[in-house]
file start_6.cif (mmCIF, C-alpha atoms and all ligand atoms)
data_start
loop_
_atom_site.label_atom_id
_atom_site.label_comp_id
_atom_site.auth_asym_id
_atom_site.auth_seq_id
_atom_site.Cartn_x
_atom_site.Cartn_y
_atom_site.Cartn_z
CA MET A 118 0.00 0.00 0.00
CA SER A 119 1.46 3.40 -0.94
CA ASN A 120 1.49 6.25 1.53
CA PRO A 121 -1.00 9.03 0.82
CA ALA A 122 0.70 12.10 -0.69
CA PRO A 123 1.46 14.70 1.97
CA SER A 124 -1.17 17.40 1.90
CA LEU A 125 -0.21 20.80 0.53
CA THR A 126 -1.40 24.07 1.97
CA SER A 127 -1.76 27.18 -0.13
CA ARG A 128 -1.91 30.71 1.22
CA GLU A 129 -4.64 32.71 -0.47
CA VAL A 130 -6.13 36.15 -0.21
CA ARG A 131 -9.89 36.23 0.33
CA LEU A 132 -12.41 39.03 0.15
CA ALA A 133 -13.46 39.52 3.77
CA ALA A 134 -15.93 42.35 3.20
CA ARG A 135 -17.18 44.48 0.33
CA PRO A 136 -15.40 47.84 0.60
CA GLN A 137 -17.16 51.15 0.88
CA GLY A 138 -15.02 53.57 -1.10
CA GLU A 139 -11.30 52.96 -0.85
CA PRO A 140 -10.62 49.34 0.14
CA ARG A 141 -9.04 48.84 3.56
CA PRO A 142 -6.74 46.03 4.65
CA THR A 143 -9.59 44.63 6.76
CA ASP A 144 -11.61 44.02 3.60
CA PHE A 145 -9.11 41.24 2.82
CA GLU A 146 -8.02 38.14 4.69
CA LEU A 147 -4.92 36.03 4.21
CA ALA A 148 -6.00 32.43 4.80
CA GLU A 149 -4.72 28.92 4.31
CA ALA A 150 -6.43 26.36 2.14
CA GLU A 151 -5.74 22.71 1.49
CA VAL A 152 -4.68 22.22 -2.12
CA PRO A 153 -6.38 19.27 -3.80
CA GLU A 154 -4.30 16.99 -5.94
CA PRO A 155 -4.75 17.77 -9.61
CA ALA A 156 -7.39 15.58 -11.22
CA GLU A 157 -7.11 14.28 -14.75
CA GLY A 158 -6.58 17.19 -17.15
CA GLN A 159 -5.42 19.52 -14.36
CA VAL A 160 -2.05 20.86 -13.27
CA LEU A 161 -0.81 22.15 -9.93
CA VAL A 162 1.02 25.45 -10.28
CA ARG A 163 3.39 27.02 -7.77
CA ASN A 164 2.74 30.67 -8.48
CA LEU A 165 5.72 32.98 -8.92
CA VAL A 166 4.06 36.29 -9.85
CA MET A 167 0.45 37.45 -9.69
CA SER A 168 -1.23 40.49 -11.09
CA VAL A 169 -3.14 43.19 -9.25
CA ASP A 170 -5.29 45.22 -11.62
CA PRO A 171 -7.66 48.17 -11.35
CA TYR A 172 -10.64 46.10 -12.58
CA MET A 173 -10.37 43.96 -9.46
CA ARG A 174 -11.76 46.88 -7.47
CA GLY A 175 -14.95 46.59 -9.51
CA ARG A 176 -15.14 42.88 -8.77
CA MET A 177 -15.19 43.62 -5.07
CA ASN A 178 -18.62 45.24 -5.53
CA ASP A 179 -21.77 43.19 -5.84
CA VAL A 180 -22.89 44.70 -9.12
CA LYS A 181 -23.64 43.21 -12.50
CA SER A 182 -20.76 43.96 -14.82
CA TYR A 183 -18.56 42.47 -17.51
CA ALA A 184 -16.69 40.63 -14.74
CA VAL A 185 -18.48 38.55 -12.11
CA PRO A 186 -18.09 39.81 -8.52
CA TYR A 187 -15.76 38.12 -6.06
CA GLU A 188 -17.67 36.34 -3.32
CA VAL A 189 -17.37 37.50 0.26
CA ASP A 190 -15.22 34.96 2.16
CA GLY A 191 -14.16 33.49 -1.18
CA PRO A 192 -10.69 33.76 -2.69
CA MET A 193 -9.78 36.62 -5.00
CA TYR A 194 -8.49 35.61 -8.41
CA GLY A 195 -6.76 37.14 -11.41
CA GLY A 196 -3.77 36.68 -13.64
CA ALA A 197 -0.73 34.77 -12.37
CA VAL A 198 2.31 32.95 -13.69
CA GLY A 199 3.99 29.99 -12.09
CA GLU A 200 5.71 26.66 -12.50
CA VAL A 201 3.85 23.40 -12.90
CA VAL A 202 4.83 21.16 -9.97
CA ALA A 203 2.37 18.31 -10.55
CA SER A 204 0.59 17.43 -13.75
CA GLU A 205 -2.23 15.17 -14.80
CA ASP A 206 -2.04 16.30 -18.38
CA PRO A 207 0.82 15.14 -20.62
CA ARG A 208 0.62 18.34 -22.70
CA VAL A 209 1.73 20.46 -19.74
CA PRO A 210 4.46 18.53 -17.90
CA VAL A 211 6.10 19.34 -14.58
CA GLY A 212 8.61 22.17 -14.99
CA THR A 213 6.52 24.07 -17.53
CA PHE A 214 5.86 27.76 -16.81
CA VAL A 215 2.25 28.75 -17.32
CA GLN A 216 -0.01 31.76 -17.07
CA HIS A 217 -3.53 31.33 -15.72
CA GLU A 218 -6.38 33.20 -14.02
CA LEU A 219 -6.28 31.73 -10.50
CA GLY A 220 -3.90 34.15 -8.87
CA TRP A 221 -4.01 35.70 -5.37
CA ARG A 222 -2.76 32.39 -3.92
CA THR A 223 0.55 30.60 -3.64
CA HIS A 224 -0.62 27.42 -5.37
CA SER A 225 -3.35 26.94 -7.97
CA VAL A 226 -4.93 23.85 -9.45
CA VAL A 227 -6.01 24.78 -12.94
CA PRO A 228 -7.30 22.93 -15.98
CA ALA A 229 -4.34 22.39 -18.30
CA ARG A 230 -6.37 23.83 -21.19
CA ALA A 231 -6.74 27.11 -19.24
CA ALA A 232 -3.00 27.32 -18.65
CA VAL A 233 -1.04 29.23 -21.28
CA VAL A 234 2.53 28.04 -21.60
CA VAL A 235 5.10 30.84 -21.33
CA ASP A 236 8.82 30.83 -21.94
CA PRO A 237 10.83 32.54 -19.17
CA GLU A 238 13.83 32.59 -21.51
CA GLN A 239 11.94 34.84 -23.90
CA ALA A 240 10.58 37.34 -21.40
CA PRO A 241 10.84 37.86 -17.65
CA LEU A 242 7.75 36.41 -15.99
CA PRO A 243 6.38 39.76 -14.70
CA SER A 244 6.20 41.05 -18.25
CA CYS A 245 3.67 38.30 -19.04
CA LEU A 246 1.36 40.19 -16.72
CA GLY A 247 2.40 43.61 -18.01
CA VAL A 248 3.86 44.76 -21.28
CA LEU A 249 3.44 41.39 -23.03
CA GLY A 250 0.22 40.53 -21.23
CA MET A 251 -3.24 41.91 -20.74
CA PRO A 252 -2.28 45.58 -20.11
CA GLY A 253 0.08 45.60 -23.10
CA MET A 254 -2.55 44.12 -25.37
CA THR A 255 -5.02 46.70 -24.05
CA ALA A 256 -2.68 49.54 -24.98
CA TRP A 257 -2.04 48.16 -28.45
CA VAL A 258 -5.67 47.43 -29.32
CA GLY A 259 -6.91 50.66 -27.77
CA LEU A 260 -4.42 52.81 -29.61
CA PHE A 261 -4.49 51.30 -33.07
CA ASP A 262 -7.89 49.63 -33.32
CA ILE A 263 -10.16 51.87 -31.24
CA GLY A 264 -8.16 55.11 -31.40
CA ALA A 265 -7.04 54.50 -35.00
CA VAL A 266 -4.06 56.82 -34.55
CA ARG A 267 -2.32 58.11 -37.65
CA PRO A 268 1.17 59.60 -38.04
CA GLY A 269 1.29 63.30 -37.25
CA GLU A 270 -1.69 63.22 -34.92
CA THR A 271 -1.67 64.48 -31.36
CA VAL A 272 -2.52 61.86 -28.75
CA TRP A 273 -3.24 62.39 -25.05
CA ILE A 274 -2.76 59.43 -22.74
CA SER A 275 -3.90 59.60 -19.12
CA ALA A 276 -2.34 57.52 -16.32
CA ALA A 277 0.69 57.73 -18.62
CA SER A 278 3.21 56.23 -16.21
CA GLY A 279 1.15 53.08 -15.58
CA ALA A 280 1.07 49.70 -17.26
CA VAL A 281 -1.34 50.52 -20.09
CA GLY A 282 -0.51 54.21 -20.47
CA SER A 283 3.26 53.81 -20.60
CA LEU A 284 3.03 51.36 -23.48
CA ALA A 285 0.26 53.22 -25.32
CA GLY A 286 2.35 56.39 -25.31
CA GLN A 287 5.50 54.71 -26.55
CA LEU A 288 3.59 52.91 -29.30
CA ALA A 289 2.01 56.22 -30.32
CA LYS A 290 5.46 57.80 -30.54
CA LEU A 291 6.70 54.90 -32.67
CA ALA A 292 3.64 55.43 -34.90
CA GLY A 293 4.75 59.01 -35.54
CA CYS A 294 2.37 60.85 -33.23
CA ARG A 295 2.95 63.78 -30.95
CA VAL A 296 2.20 62.34 -27.52
CA VAL A 297 1.12 64.14 -24.38
CA GLY A 298 0.77 62.22 -21.16
CA SER A 299 -0.75 63.05 -17.81
CA ALA A 300 0.20 61.66 -14.45
CA GLY A 301 0.15 62.50 -10.75
CA GLY A 302 3.29 64.23 -9.54
CA ASP A 303 6.52 65.66 -10.78
CA ASP A 304 8.54 62.45 -10.58
CA LYS A 305 6.09 60.51 -12.69
CA CYS A 306 5.84 63.29 -15.26
CA ARG A 307 9.61 63.43 -15.56
CA TYR A 308 9.70 59.65 -16.00
CA VAL A 309 7.07 59.84 -18.73
CA VAL A 310 9.04 62.42 -20.72
CA GLU A 311 12.64 61.46 -19.97
CA GLN A 312 12.40 57.66 -19.85
CA LEU A 313 9.35 56.89 -21.98
CA GLY A 314 9.95 59.60 -24.57
CA PHE A 315 6.56 61.34 -24.48
CA ASP A 316 6.70 64.88 -25.89
CA ALA A 317 5.13 66.38 -22.77
CA CYS A 318 3.46 65.33 -19.56
CA ILE A 319 0.87 67.19 -17.51
CA ASP A 320 0.76 66.83 -13.74
CA TYR A 321 -3.00 66.74 -13.12
CA ARG A 322 -2.44 67.71 -9.49
CA GLN A 323 -0.94 71.03 -10.57
CA GLY A 324 -3.88 73.04 -11.80
CA ALA A 325 -6.69 72.78 -14.31
CA LEU A 326 -6.25 70.09 -16.95
CA GLU A 327 -7.84 72.25 -19.67
CA GLU A 328 -5.27 75.00 -19.21
CA GLN A 329 -2.34 72.64 -18.99
CA LEU A 330 -3.54 70.79 -22.09
CA ALA A 331 -3.88 74.04 -23.99
CA GLY A 332 -0.18 74.57 -23.31
CA ALA A 333 0.92 71.04 -24.19
CA ALA A 334 -1.39 70.54 -27.18
CA PRO A 335 -2.27 74.06 -28.40
CA ASP A 336 -3.85 72.80 -31.64
CA GLY A 337 -6.02 70.27 -29.84
CA VAL A 338 -6.03 66.50 -29.47
CA ASP A 339 -6.83 63.97 -32.21
CA VAL A 340 -7.01 60.88 -29.99
CA TYR A 341 -7.57 60.62 -26.26
CA PHE A 342 -6.66 57.33 -24.55
CA ASP A 343 -8.75 57.41 -21.39
CA ASN A 344 -7.55 55.47 -18.39
CA VAL A 345 -9.01 57.83 -15.82
CA GLY A 346 -12.49 59.13 -16.74
CA GLY A 347 -14.15 61.96 -14.79
CA ASP A 348 -12.42 65.31 -15.05
CA HIS A 349 -9.87 63.88 -17.49
CA LEU A 350 -12.57 62.77 -19.93
CA GLU A 351 -14.31 66.10 -19.55
CA ALA A 352 -11.10 67.96 -20.41
CA ALA A 353 -10.54 65.62 -23.35
CA ILE A 354 -13.96 66.28 -24.82
CA SER A 355 -13.12 69.98 -24.82
CA ALA A 356 -9.65 69.46 -26.25
CA LEU A 357 -10.55 66.93 -28.94
CA LYS A 358 -10.61 68.22 -32.51
CA VAL A 359 -13.46 67.68 -34.94
CA HIS A 360 -13.49 63.95 -35.79
CA GLY A 361 -11.29 63.22 -32.79
CA ARG A 362 -11.51 59.80 -31.21
CA ALA A 363 -11.45 58.65 -27.62
CA CYS A 364 -10.58 55.14 -26.52
CA ILE A 365 -12.51 54.72 -23.27
CA CYS A 366 -10.28 52.11 -21.72
CA GLY A 367 -10.93 52.66 -18.02
CA MET A 368 -12.14 55.19 -15.49
CA ILE A 369 -9.94 54.61 -12.49
CA SER A 370 -10.90 57.94 -10.89
CA ALA A 371 -14.37 56.48 -10.28
CA TYR A 372 -13.51 53.00 -9.02
CA ASN A 373 -13.58 53.95 -5.33
CA ALA A 374 -16.40 56.46 -5.67
CA THR A 375 -19.29 56.13 -3.24
CA THR A 376 -21.51 58.65 -5.00
CA PRO A 377 -22.21 58.75 -8.71
CA PRO A 378 -20.74 61.59 -10.76
CA ALA A 379 -22.94 64.14 -12.47
CA ALA A 380 -25.02 62.72 -15.31
CA PRO A 381 -24.58 60.55 -17.21
CA ARG A 382 -24.08 58.65 -13.99
CA ASN A 383 -23.69 55.36 -15.82
CA LEU A 384 -20.98 56.53 -18.21
CA GLY A 385 -18.72 53.78 -16.89
CA GLN A 386 -20.92 51.23 -18.66
CA VAL A 387 -19.36 52.44 -21.92
CA VAL A 388 -16.39 50.19 -21.10
CA GLY A 389 -18.18 47.00 -20.09
CA LYS A 390 -20.69 47.25 -22.93
CA ARG A 391 -17.98 48.21 -25.47
CA LEU A 392 -20.14 51.13 -26.59
CA ARG A 393 -18.95 53.46 -29.31
CA PRO A 394 -20.61 56.82 -28.84
CA GLU A 395 -19.86 58.77 -31.99
CA GLY A 396 -20.88 62.27 -32.86
CA MET A 397 -22.52 63.00 -36.21
CA LEU A 398 -23.51 66.03 -38.24
CA VAL A 399 -25.95 65.56 -41.10
CA ARG A 400 -23.98 68.00 -43.25
CA ASP A 401 -21.18 65.45 -43.52
CA HIS A 402 -23.55 63.13 -45.37
CA ALA A 403 -24.86 65.45 -48.06
CA HIS A 404 -23.66 63.07 -50.76
CA LEU A 405 -26.40 60.66 -49.66
CA GLN A 406 -29.19 63.18 -50.24
CA GLY A 407 -30.38 61.72 -53.56
CA GLU A 408 -30.42 58.17 -52.25
CA PHE A 409 -32.25 59.29 -49.10
CA VAL A 410 -35.03 61.11 -50.97
CA ARG A 411 -35.53 58.26 -53.44
CA GLU A 412 -35.72 55.61 -50.74
CA VAL A 413 -37.82 57.42 -48.13
CA GLY A 414 -40.00 59.08 -50.78
CA GLN A 415 -40.91 55.66 -52.14
CA LEU A 416 -41.69 54.29 -48.65
CA LEU A 417 -44.01 57.26 -48.05
CA ALA A 418 -45.69 56.83 -51.41
CA ASP A 419 -46.24 53.13 -50.64
CA GLY A 420 -47.83 53.99 -47.30
CA ARG A 421 -45.14 52.09 -45.40
CA LEU A 422 -44.13 55.22 -43.52
CA THR A 423 -46.25 57.76 -41.74
CA ALA A 424 -45.25 61.35 -41.09
CA GLN A 425 -47.31 63.85 -39.17
CA GLU A 426 -46.91 67.61 -38.94
CA THR A 427 -48.13 69.97 -36.27
CA VAL A 428 -49.04 73.16 -38.11
CA VAL A 429 -49.31 76.52 -36.38
CA ASP A 430 -51.05 79.20 -38.44
CA GLY A 431 -49.60 82.65 -38.91
CA ILE A 432 -46.17 84.13 -38.59
CA GLU A 433 -47.48 86.05 -35.58
CA HIS A 434 -47.60 82.64 -33.82
CA ALA A 435 -44.14 81.56 -34.92
CA VAL A 436 -42.66 82.26 -31.50
CA ASP A 437 -45.46 80.26 -29.84
CA ALA A 438 -44.67 77.46 -32.25
CA PHE A 439 -41.01 77.59 -31.42
CA LEU A 440 -41.61 77.69 -27.66
CA GLY A 441 -44.23 74.97 -28.06
CA LEU A 442 -41.65 72.84 -29.83
CA LEU A 443 -39.28 73.24 -26.91
CA SER A 444 -41.97 72.24 -24.43
CA GLY A 445 -43.32 69.34 -26.44
CA ARG A 446 -46.54 70.80 -27.92
CA ASN A 447 -45.80 69.13 -31.23
CA THR A 448 -46.25 65.68 -32.66
CA GLY A 449 -44.07 65.07 -35.64
CA LYS A 450 -42.60 68.09 -37.35
CA MET A 451 -43.62 71.50 -36.01
CA VAL A 452 -44.09 74.00 -38.86
CA VAL A 453 -45.58 77.46 -39.16
CA ARG A 454 -47.94 78.22 -42.05
CA VAL A 455 -46.91 81.68 -43.02
CA GLY A 456 -49.03 82.55 -45.99
P1 LIG A 501 -1.91 51.62 -13.98
O1 LIG A 501 -2.07 52.79 -14.90
O2 LIG A 501 -0.64 50.87 -14.01
O3 LIG A 501 -2.17 52.05 -12.48
C1 LIG A 501 -3.23 52.87 -12.16
C2 LIG A 501 -2.81 54.36 -12.16
O4 LIG A 501 -3.98 55.16 -12.19
C3 LIG A 501 -2.09 54.80 -10.91
O5 LIG A 501 -0.72 54.55 -10.96
C4 LIG A 501 -2.40 56.29 -10.84
O6 LIG A 501 -1.36 57.01 -11.47
C5 LIG A 501 -3.66 56.43 -11.72
N1 LIG A 501 -4.79 56.97 -10.93
C6 LIG A 501 -5.39 56.42 -9.86
N2 LIG A 501 -6.39 57.20 -9.40
C7 LIG A 501 -6.43 58.28 -10.24
C8 LIG A 501 -7.23 59.46 -10.29
N3 LIG A 501 -8.23 59.67 -9.42
N4 LIG A 501 -7.00 60.36 -11.28
C9 LIG A 501 -6.00 60.17 -12.16
N5 LIG A 501 -5.20 59.06 -12.16
C10 LIG A 501 -5.41 58.14 -11.21
O7 LIG A 501 -3.13 50.62 -14.23
P2 LIG A 501 -3.42 49.82 -15.57
O8 LIG A 501 -3.55 48.41 -15.25
O9 LIG A 501 -2.45 50.25 -16.60
O10 LIG A 501 -4.86 50.38 -15.95
C11 LIG A 501 -5.02 51.69 -16.44
C12 LIG A 501 -6.47 51.87 -16.85
O11 LIG A 501 -6.77 50.98 -17.90
C13 LIG A 501 -7.45 51.61 -15.74
O12 LIG A 501 -8.54 52.49 -15.86
C14 LIG A 501 -7.90 50.20 -16.05
O13 LIG A 501 -9.14 49.91 -15.49
C15 LIG A 501 -7.90 50.23 -17.55
N6 LIG A 501 -7.80 48.92 -18.21
C16 LIG A 501 -8.80 48.61 -19.07
C17 LIG A 501 -8.75 47.44 -19.77
C18 LIG A 501 -9.85 47.11 -20.72
O14 LIG A 501 -9.87 46.01 -21.25
N7 LIG A 501 -10.77 48.05 -20.94
C19 LIG A 501 -7.69 46.56 -19.58
C20 LIG A 501 -6.66 46.93 -18.73
C21 LIG A 501 -6.73 48.13 -18.03
P3 LIG A 501 -1.09 58.57 -11.10
O15 LIG A 501 -0.10 58.57 -10.02
O16 LIG A 501 -0.62 59.16 -12.37
O17 LIG A 501 -2.39 59.15 -10.64
C1 LIG A 502 -9.04 46.53 -16.28
C2 LIG A 502 -8.43 45.35 -16.60
C3 LIG A 502 -9.08 44.43 -17.43
C4 LIG A 502 -10.31 46.83 -16.83
C5 LIG A 502 -10.94 45.93 -17.65
C6 LIG A 502 -10.32 44.73 -17.94
C7 LIG A 502 -11.97 48.49 -17.19
C8 LIG A 502 -11.07 43.82 -18.79
C9 LIG A 502 -10.54 42.74 -19.26
C10 LIG A 502 -11.41 41.82 -20.04
O1 LIG A 502 -12.36 41.31 -19.49
O2 LIG A 502 -11.11 41.63 -21.20
O3 LIG A 502 -8.46 47.41 -15.45
O4 LIG A 502 -10.85 48.04 -16.49
#

call {"tool": "encode", "arguments": {"input": "start_6.cif", "output": "structure tokens", "more": "lines below"}}
Ligand code: NAP
Ligand code: FER
result
Amino acid sequence: MSNPAPSLTSREVRLAARPQGEPRPTDFELAEAEVPEPAEGQVLVRNLVMSVDPYMRGRMNDVKSYAVPYEVDGPMYGGAVGEVVASEDPRVPVGTFVQHELGWRTHSVVPARAAVVVDPEQAPLPSCLGVLGMPGMTAWVGLFDIGAVRPGETVWISAASGAVGSLAGQLAKLAGCRVVGSAGGDDKCRYVVEQLGFDACIDYRQGALEEQLAGAAPDGVDVYFDNVGGDHLEAAISALKVHGRACICGMISAYNATTPPAAPRNLGQVVGKRLRPEGMLVRDHAHLQGEFVREVGQLLADGRLTAQETVVDGIEHAVDAFLGLLSGRNTGKMVVRVG
């Protein structure tokens, strides 16, 4: 009879309580948990690095979102990289380094198919969680796919010294853009310019963003990469040029908020729902006029569309008509019969 394998204990961080505002150490608990032996198709990973990310703050709340909430008294989880120390899957043998999503603990048992093999010779393990991992990919997609930056454009990147922002700004420079960053404090701003090569960096703690931006980007901003939301997004909307774009990547300034911002109070849902609010002006589409009249005219003639007018008689009532329009005393198009 073989001896049973000695049991293994993992240390894990659990959510002890849902935070109100800024999380406190007492909202977390460091606990021990027995690690089960990997079943068929699973591997046991000794974690070497784990990620802490802004989105995890959202998961501490019990609200419906793109990411399911952590459970109170349950373990936290997120990205981690470690070494396989026991394997029940021949495709991921002992000694392999893998990335997976069961971090916040010293040891994880994960399905082998959910473990991504990484090569520590190719990149230091922390970079799998940073520049070559989720934040790096976020910067790259946000800049080129969502922001659609073009050479010569001016780009503003908030939280510029962080994981996403630092890469987004450098990629924008490599793409031939003029790049302005913003960050909190003199040291970070100097790092952003001197080490990362941004053209300028605004310290958002030192005065109004609008004024500082006007100095750093006097002709306006073509693309805003938003990591912060709130006052930063407000300043960006003012600074963006006609046909500017904003990649709404995150709104970290709101993650600890206990009261909603001014309307729209649900602006943060833009991220989780991958919305693309886009301004339009009908004048830009004048080339479609002929097609529009043909198509809609035919639908009207066929009786497949209905269109009502509210007609006010007499130019002397034009002001009433206008004020009525603003207070809803029209159905369909409000017009004034003049003659
Ligand atoms: P990070 O930038 O490395 O770290 C967060 C930084 O945010 C802090 O260093 C801090 O820098 C800044 N910050 C915190 N509170 C702020 C406030 N009230 N106003 C201005 N800046 C503030 O974090 P990250 O992982 O790269 O994430 C950056 C943003 O991208 C976050 O909003 C995150 O949620 C988002 N994100 C989105 C996706 C996605 O798929 N949509 C993926 C990854 C990350 P300062 O010292 O400069 O204030
Ligand atoms: C963040 C990190 C990751 C974040 C969102 C994600 C909005 C989303 C990742 C995904 O589900 O793809 O800080 O903030």

call {"tool": "closest_residue", "arguments": {"input": "start_6.cif", "among": "A:Asn383, A:Ser182, A:Thr223, A:Asn164", "to": "ligand LIG 502 (chain A)", "atoms": "all atoms listed in the file"}}
result
A:Ser182

call {"tool": "atom_distance", "arguments": {"input": "start_6.cif", "atom1": "atom CA of A:Arg400", "atom2": "atom CA of A:Ser355"}}
result
21.5 Å

call {"tool": "residues_near_ligand", "arguments": {"input": "start_6.cif", "ligand": "ligand LIG 501 (chain A)", "cutoff": "8 Å", "atoms": "all atoms listed in the file", "output": "JSON, numbers by chain"}}
result
{"A": [169, 170, 171, 172, 251, 252, 255, 256, 275, 276, 277, 278, 279, 280, 281, 282, 283, 299, 300, 301, 302, 305, 320, 321, 343, 344, 345, 346, 349, 365, 366, 367, 368, 369, 370, 371, 388, 389]}

call {"tool": "atom_distance", "arguments": {"input": "start_6.cif", "atom1": "atom CA of A:Ala197", "atom2": "atom CA of A:Val234"}}
result
11.9 Å

call {"tool": "atom_distance", "arguments": {"input": "start_6.cif", "atom1": "atom CA of A:Val189", "atom2": "atom CA of A:Val152"}}
result
20.0 Å

call {"tool": "closest_residue", "arguments": {"input": "start_6.cif", "among": "A:Lys181, A:Arg208, A:Tyr194, A:Gly314", "to": "A:Leu288", "atoms": "only C-alpha atoms"}}
result
A:Gly314

call {"tool": "residues_around", "arguments": {"input": "start_6.cif", "residues": "stretch 129-142 of chain A", "least_positions_apart": "6", "cutoff": "9 Å", "atoms": "only C-alpha atoms", "output": "list in words"}}
result
Ala148, Glu149, Ala150, Arg174, Met177, Asn178, Asp179, Tyr187, Glu188, Val189, Asp190, Gly191, Pro192, Met193, Tyr194, Gly220, Trp221, Arg222, Thr223, His224, Tyr372, Asn373, Ala374 and Thr375 of chain A

call {"tool": "residues_around", "arguments": {"input": "start_6.cif", "residues": "stretch 442-448 of chain A", "least_positions_apart": "2", "cutoff": "8 Å", "atoms": "all atoms listed in the file", "output": "VMD selection string"}}
result
chain A and resid 425 to 427 438 to 440 450 to 451

call {"tool": "residues_around", "arguments": {"input": "start_6.cif", "residues": "stretch 267-270 of chain A", "least_positions_apart": "4", "cutoff": "6 Å", "atoms": "only C-alpha atoms", "output": "MDAnalysis selection string"}}
result
chainID A and resid 292:294 339

call {"tool": "write_last_selection", "arguments": {"input": "start_6.cif", "atoms": "C-alpha atoms", "output": "CSV table (one decimal), keeping the file's coordinate frame"}}
result
chain,number,residue,atom,x,y,z
A,292,ALA,CA,3.6,55.4,-34.9
A,293,GLY,CA,4.8,59.0,-35.5
A,294,CYS,CA,2.4,60.8,-33.2
A,339,ASP,CA,-6.8,64.0,-32.2

call {"tool": "closest_residue", "arguments": {"input": "start_6.cif", "among": "A:Leu330, A:Ile263, A:Val160, A:Val227", "to": "A:Pro210", "atoms": "only C-alpha atoms"}}
result
A:Val160

call {"tool": "residues_around", "arguments": {"input": "start_6.cif", "residues": "A:His217", "least_positions_apart": "5", "cutoff": "12 Å", "atoms": "all atoms listed in the file", "output": "CSV table (one decimal) with C-alpha atoms, in the coordinates of the input"}}
result
chain,number,residue,atom,x,y,z
A,160,VAL,CA,-2.0,20.9,-13.3
A,161,LEU,CA,-0.8,22.2,-9.9
A,162,VAL,CA,1.0,25.4,-10.3
A,163,ARG,CA,3.4,27.0,-7.8
A,164,ASN,CA,2.7,30.7,-8.5
A,165,LEU,CA,5.7,33.0,-8.9
A,166,VAL,CA,4.1,36.3,-9.8
A,167,MET,CA,0.4,37.4,-9.7
A,168,SER,CA,-1.2,40.5,-11.1
A,194,TYR,CA,-8.5,35.6,-8.4
A,195,GLY,CA,-6.8,37.1,-11.4
A,196,GLY,CA,-3.8,36.7,-13.6
A,197,ALA,CA,-0.7,34.8,-12.4
A,198,VAL,CA,2.3,33.0,-13.7
A,199,GLY,CA,4.0,30.0,-12.1
A,200,GLU,CA,5.7,26.7,-12.5
A,201,VAL,CA,3.8,23.4,-12.9
A,222,ARG,CA,-2.8,32.4,-3.9
A,224,HIS,CA,-0.6,27.4,-5.4
A,225,SER,CA,-3.4,26.9,-8.0
A,226,VAL,CA,-4.9,23.8,-9.4
A,227,VAL,CA,-6.0,24.8,-12.9
A,228,PRO,CA,-7.3,22.9,-16.0
A,229,ALA,CA,-4.3,22.4,-18.3
A,230,ARG,CA,-6.4,23.8,-21.2
A,231,ALA,CA,-6.7,27.1,-19.2
A,232,ALA,CA,-3.0,27.3,-18.6
A,233,VAL,CA,-1.0,29.2,-21.3
A,234,VAL,CA,2.5,28.0,-21.6
A,235,VAL,CA,5.1,30.8,-21.3
A,245,CYS,CA,3.7,38.3,-19.0
A,246,LEU,CA,1.4,40.2,-16.7
A,250,GLY,CA,0.2,40.5,-21.2
A,251,MET,CA,-3.2,41.9,-20.7

call {"tool": "closest_residue", "arguments": {"input": "start_6.cif", "among": "A:Gly449, A:Gly385, A:Gly420, A:Gly286", "to": "ligand LIG 502 (chain A)", "atoms": "only C-alpha atoms and all ligand atoms"}}
result
A:Gly385

call {"tool": "closest_residue", "arguments": {"input": "start_6.cif", "among": "A:Val185, A:Ala156, A:Ala333, A:Ala289", "to": "ligand LIG 502 (chain A)", "atoms": "only C-alpha atoms and all ligand atoms"}}
result
A:Val185

call {"tool": "axis_aligned_box", "arguments": {"input": "start_6.cif", "around": "stretch 238-242 of chain A", "padding_each_side": "5 Å", "output": "AutoDock Vina command-line options"}}
result
--center_x 10.8 --center_y 35.2 --center_z -19.9 --size_x 16.1 --size_y 15.3 --size_z 17.9

call {"tool": "residues_around", "arguments": {"input": "start_6.cif", "residues": "A:Gly361", "least_positions_apart": "2", "cutoff": "7 Å", "atoms": "all atoms listed in the file", "output": "list in words"}}
result
Asp339, Val340, Leu357, Lys358, Val359 and Ala363 of chain A

call {"tool": "closest_residue", "arguments": {"input": "start_6.cif", "among": "A:His404, A:Gln415, A:Leu284, A:Ile319", "to": "A:Gly247", "atoms": "only C-alpha atoms"}}
result
A:Leu284
